[in-house]
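Asker: This one is target.cif, mmCIF, C-alpha atoms and all ligand atoms.
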```
data_final
#
loop_
_atom_site.label_atom_id
_atom_site.label_comp_id
_atom_site.auth_asym_id
_atom_site.auth_seq_id
_atom_site.Cartn_x
_atom_site.Cartn_y
_atom_site.Cartn_z
CA MET A 1 -27.02 -53.76 26.33
CA LYS A 2 -24.95 -50.62 26.56
CA ARG A 3 -25.05 -50.68 30.33
CA SER A 4 -23.73 -54.26 30.63
CA ALA A 5 -20.87 -53.46 28.22
CA ALA A 6 -19.89 -50.49 30.40
CA LEU A 7 -20.08 -52.64 33.51
CA PHE A 8 -17.87 -55.25 31.88
CA LEU A 9 -15.25 -52.60 31.02
CA LEU A 10 -15.39 -51.29 34.57
CA LEU A 11 -14.85 -54.76 36.01
CA ALA A 12 -12.06 -55.50 33.54
CA ALA A 13 -10.35 -52.21 34.46
CA SER A 14 -10.57 -52.82 38.20
CA THR A 15 -9.28 -56.38 37.78
CA ALA A 16 -6.32 -55.07 35.79
CA GLN A 17 -5.63 -52.47 38.49
CA ALA A 18 -5.75 -55.08 41.26
CA HIS A 19 -3.45 -57.28 39.22
CA ASP A 20 -0.91 -54.43 39.01
CA VAL A 21 -0.89 -53.86 42.74
CA ARG A 22 -0.52 -57.52 43.58
CA GLN A 23 2.19 -58.28 41.04
CA LEU A 24 4.31 -55.16 41.31
CA GLY A 25 3.89 -53.48 44.66
CA ALA A 26 5.57 -50.26 43.56
CA HIS A 27 3.75 -50.00 40.25
CA VAL A 28 0.39 -48.30 40.85
CA HIS A 29 -1.07 -46.35 37.95
CA GLY A 30 -1.38 -42.65 38.80
CA GLN A 31 0.91 -42.90 41.83
CA ALA A 32 4.58 -41.90 41.96
CA THR A 33 7.14 -42.27 44.72
CA VAL A 34 9.99 -39.89 45.51
CA ASP A 35 12.75 -40.76 47.97
CA LEU A 36 14.38 -37.58 49.24
CA ALA A 37 17.60 -37.48 51.24
CA LEU A 38 19.24 -34.37 52.66
CA ASP A 39 22.74 -34.81 54.03
CA GLN A 40 24.55 -31.56 54.88
CA GLY A 41 24.36 -29.58 51.64
CA ASN A 42 23.61 -32.58 49.45
CA LEU A 43 20.01 -32.98 48.47
CA GLU A 44 19.05 -36.02 46.43
CA LEU A 45 15.68 -36.94 44.95
CA ALA A 46 14.92 -40.31 43.37
CA LEU A 47 11.62 -40.64 41.53
CA GLN A 48 9.80 -43.77 40.38
CA ALA A 49 6.63 -43.29 38.35
CA PRO A 50 4.39 -45.51 36.26
CA GLY A 51 3.88 -44.72 32.58
CA ILE A 52 0.17 -44.29 33.23
CA GLY A 53 0.25 -41.14 35.30
CA ILE A 54 3.10 -39.39 33.53
CA LEU A 55 1.60 -40.35 30.14
CA ASP A 56 -1.55 -42.30 29.39
CA PHE A 57 0.08 -45.37 27.84
CA GLU A 58 2.59 -48.10 28.74
CA ARG A 59 3.71 -49.43 25.37
CA PRO A 60 5.86 -48.23 22.48
CA PRO A 61 4.62 -44.86 21.15
CA ALA A 62 2.09 -45.48 18.38
CA ASN A 63 2.52 -42.17 16.55
CA ALA A 64 4.53 -38.95 16.39
CA ALA A 65 2.48 -37.21 19.09
CA GLU A 66 3.14 -40.05 21.54
CA ARG A 67 6.86 -40.04 20.69
CA VAL A 68 6.98 -36.30 21.41
CA ALA A 69 5.05 -36.79 24.68
CA LEU A 70 7.49 -39.50 25.82
CA ALA A 71 10.57 -37.41 25.01
CA HIS A 72 9.03 -34.33 26.61
CA ALA A 73 8.14 -36.16 29.83
CA THR A 74 11.68 -37.54 30.12
CA SER A 75 13.24 -34.12 29.62
CA VAL A 76 10.88 -32.45 32.13
CA LEU A 77 11.70 -35.08 34.78
CA LYS A 78 15.43 -34.69 34.16
CA SER A 79 15.33 -30.87 34.24
CA GLY A 80 14.06 -30.71 37.82
CA SER A 81 11.51 -28.06 36.76
CA TRP A 82 8.92 -29.88 38.92
CA VAL A 83 10.84 -29.02 42.11
CA THR A 84 10.95 -25.57 43.71
CA LEU A 85 13.46 -25.09 46.51
CA PRO A 86 13.64 -22.08 48.85
CA THR A 87 15.85 -19.39 47.28
CA ALA A 88 17.58 -18.83 50.64
CA ALA A 89 18.96 -22.38 50.54
CA HIS A 90 21.07 -21.45 47.48
CA CYS A 91 20.79 -24.82 45.78
CA ARG A 92 21.96 -25.65 42.31
CA LEU A 93 21.20 -28.76 40.32
CA ALA A 94 24.51 -30.61 40.05
CA ARG A 95 23.14 -33.60 38.18
CA GLY A 96 19.79 -34.61 36.71
CA SER A 97 18.94 -37.80 34.89
CA ALA A 98 15.78 -39.57 33.78
CA THR A 99 15.03 -42.81 31.97
CA ALA A 100 11.90 -44.22 30.40
CA ASP A 101 11.77 -47.99 30.85
CA GLY A 102 9.58 -50.40 28.92
CA PHE A 103 8.49 -48.08 26.11
CA ALA A 104 10.73 -49.69 23.48
CA ALA A 105 9.28 -52.31 21.17
CA ALA A 106 9.25 -55.70 22.89
CA THR A 107 11.94 -58.13 21.75
CA ALA A 108 9.63 -61.10 22.34
CA PRO A 109 5.99 -61.08 21.25
CA VAL A 110 3.56 -60.19 24.02
CA LYS A 111 1.19 -63.05 24.83
CA PRO A 112 -2.52 -62.28 24.93
CA GLY A 113 -3.55 -61.37 28.45
CA GLN A 114 0.02 -60.68 29.52
CA HIS A 115 0.48 -57.43 31.47
CA VAL A 116 3.44 -55.38 30.37
CA HIS A 117 4.27 -52.24 32.33
CA ALA A 118 6.40 -49.22 31.60
CA GLY A 119 7.50 -46.32 33.70
CA PHE A 120 9.99 -43.60 34.48
CA SER A 121 12.79 -43.14 36.93
CA ALA A 122 14.63 -39.91 37.60
CA ARG A 123 17.36 -38.73 39.91
CA LEU A 124 18.17 -35.14 40.85
CA GLN A 125 21.22 -34.15 42.85
CA TYR A 126 21.46 -30.64 44.28
CA ARG A 127 24.24 -28.88 46.12
CA CYS A 128 22.91 -26.36 48.62
CA ALA A 129 25.17 -23.70 50.13
CA ASN A 130 22.72 -22.94 52.95
CA PRO A 131 20.86 -26.19 53.71
CA VAL A 132 19.53 -24.77 57.02
CA ALA A 133 17.00 -22.84 54.91
CA LEU A 134 15.67 -26.07 53.40
CA ARG A 135 12.70 -26.41 55.73
CA ALA A 136 10.15 -27.13 53.03
CA LEU A 137 9.94 -27.47 49.28
CA VAL A 138 7.32 -27.67 46.57
CA MET A 139 6.99 -30.62 44.21
CA ARG A 140 4.60 -29.83 41.37
CA LEU A 141 4.39 -33.33 39.88
CA PRO A 142 0.57 -33.66 40.22
CA THR A 143 0.01 -30.37 38.35
CA VAL A 144 2.75 -30.88 35.73
CA PHE A 145 1.41 -34.42 35.11
CA PRO A 146 -2.33 -34.33 35.93
CA GLY A 147 -2.54 -38.13 35.55
CA LEU A 148 -0.47 -38.44 38.74
CA HIS A 149 -3.16 -38.34 41.38
CA GLU A 150 -0.82 -39.06 44.26
CA VAL A 151 2.89 -38.65 44.97
CA ILE A 152 4.35 -40.30 48.04
CA VAL A 153 7.49 -38.57 49.27
CA ASN A 154 9.71 -40.38 51.76
CA THR A 155 12.22 -38.04 53.37
CA VAL A 156 15.39 -38.62 55.33
CA THR A 157 17.13 -35.60 56.87
CA ASP A 158 19.25 -34.81 59.93
CA SER A 159 16.01 -34.18 61.84
CA GLY A 160 14.61 -37.63 61.06
CA GLN A 161 12.39 -39.46 58.62
CA GLY A 162 9.10 -38.31 57.21
CA ARG A 163 6.43 -39.11 54.69
CA SER A 164 4.30 -36.69 52.70
CA VAL A 165 1.43 -37.59 50.41
CA LEU A 166 1.02 -34.98 47.69
CA ASN A 167 -1.88 -34.37 45.34
CA ALA A 168 -3.01 -31.47 43.13
CA GLY A 169 -4.26 -29.62 46.22
CA ASN A 170 -1.14 -30.17 48.32
CA LEU A 171 2.28 -29.87 46.70
CA ARG A 172 4.30 -29.02 49.79
CA VAL A 173 6.90 -31.27 51.43
CA VAL A 174 7.90 -30.20 54.94
CA LEU A 175 11.41 -31.26 55.91
CA ALA A 176 11.80 -29.54 59.30
CA PRO A 177 8.97 -28.48 61.63
ZN ZN A 201 1.33 -50.32 34.47
#
```
Would you put the structure from the file into structure tokens?

Answerer:
Amino acid sequence: MKRSAALFLLLAASTAQAHDVRQLGAHVHGQATVDLALDQGNLELALQAPGIGILDFERPPANAAERVALAHATSVLKSGSWVTLPTAAHCRLARGSATADGFAAATAPVKPGQHVHAGFSARLQYRCANPVALRALVMRLPTVFPGLHEVIVNTVTDSGQGRSVLNAGNLRVVLAP
């Protein structure tokens, strides 16, 4: 009895996951994407992350603790505290912004069986006085938000394009070999 109930939940969960991937290519629970561009001394990072990964829910906060968690996550993303740049590059954060989308109460009632997603986007703009020293950087998203199992970083720099896949055991993004 117990075993079949567990199996049912497992199947339901994997069906929901497959549904996510098919319907919204970019929305994969536990996986974030960062597009990084370095142009002269301008370094820009654009993050897209699902609610499940940064938090463990994708709906309006149900209590005070969830409201605090949502506000905290947004402020952490905006602060840039999840990025460590080489000191020698002399970068400063010129602008940081973050938004939580889809966590407000729905204006129309949600139909049974309807999938509603929520997530975060953030943008960080740095000015670096010595961009030559920007050969690698550390992005601690998988340790700051343990629900993020994978972070895909697409990079564009003067030396070309690259792609790094980060997880808790590998937080380093190499920009120049
Ligand atoms: Zn979702």

Asker: Could you pull out the residues sitting within 7 Å of ligand ZN 201 (chain A), using all atoms listed in the file, and write them as a count of residues only?

Answerer: 11

Asker: Using all atoms listed in the file, collect all residues at a distance of at most 9 Å from (9.2, -45.9, 37.5) as written in the file, then present them as number ranges by chain.

Answerer: A: 26-27, 32-33, 47-51, 99-101, 118-122

Asker: Determine, counting all atoms listed in the file, which protein, DNA and RNA residues have an atom within 8 Å of an atom of A:Leu124; residues of the same chain fewer than 5 positions away are not included. Present the result as an MDAnalysis selection string.

Answerer: chainID A and resid 44:46 78 80 93:97

Asker: For A:Leu85, which residue out of A:Leu137, A:Ala108, A:Val153, A:Leu175 is the nearest one, using all atoms listed in the file?

Answerer: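 Smallest separation from A:Leu85 among the options: A:Leu137.
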
Asker: Please list as a list in words every residue within 8 Å of A:Asn154, counting all atoms listed in the file and excluding residues in the same chain fewer than 2 positions away.

Answerer: Thr33, Val34, Asp35, Leu36, Ile152, Val156, Gln161, Gly162, Arg163 and Ser164 of chain A

Asker: In Å, how far is it from atom CA of A:Ala98 to atom CA of A:Val76?

Answerer: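 A separation of 8.8 Å between them.
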
Asker: For A:Gly160, which residue out of A:Leu141, A:Cys91, A:Leu38, A:Ala129 is the nearest one, using all atoms listed in the file?

Answerer: A:Leu38

Asker: Give the answer as one residue: which of A:Leu134, A:Ile54, A:Ala71, A:Ala104 has the shortest atom-to-atom distance to A:Pro146, using all atoms listed in the file?

Answerer: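 The closest residue to A:Pro146 is A:Ile54.
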
Asker: Could you work out how far atom CA of A:Ala73 lies from atom CA of A:Phe145, giving the answer in Å with one decimal?

Answerer: 8.7 Å

Asker: Report, in Å with one decimal, the straight-line distance from atom CA of A:Ala89 to atom CA of A:Pro131.

Answerer: 5.3 Å

Asker: Taking only C-alpha atoms into account, name the residue in A:Gly41, A:Gly30, A:Pro61, A:Gly113 that is nearest to A:Leu148.

Answerer: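 For A:Leu148, the nearest of the given residues is A:Gly30.
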
Asker: Each side padded by 3 Å, which centre and which edge lengths in Å (one decimal) define the axis-aligned box around the listed atoms of stretch 155-170 of chain A? Give them as AutoDock Vina command-line options.

Answerer:
```
--center_x 7.5 --center_y -34.5 --center_z 52.5 --size_x 29.5 --size_y 15.8 --size_z 24.7
```

Asker: Considering all atoms listed in the file, state which residue in the set A:Val83, A:Ala88, A:Val174, A:Ala106 is at the smallest distance from A:Thr143.

Answerer: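 Nearest to A:Thr143: A:Val83.
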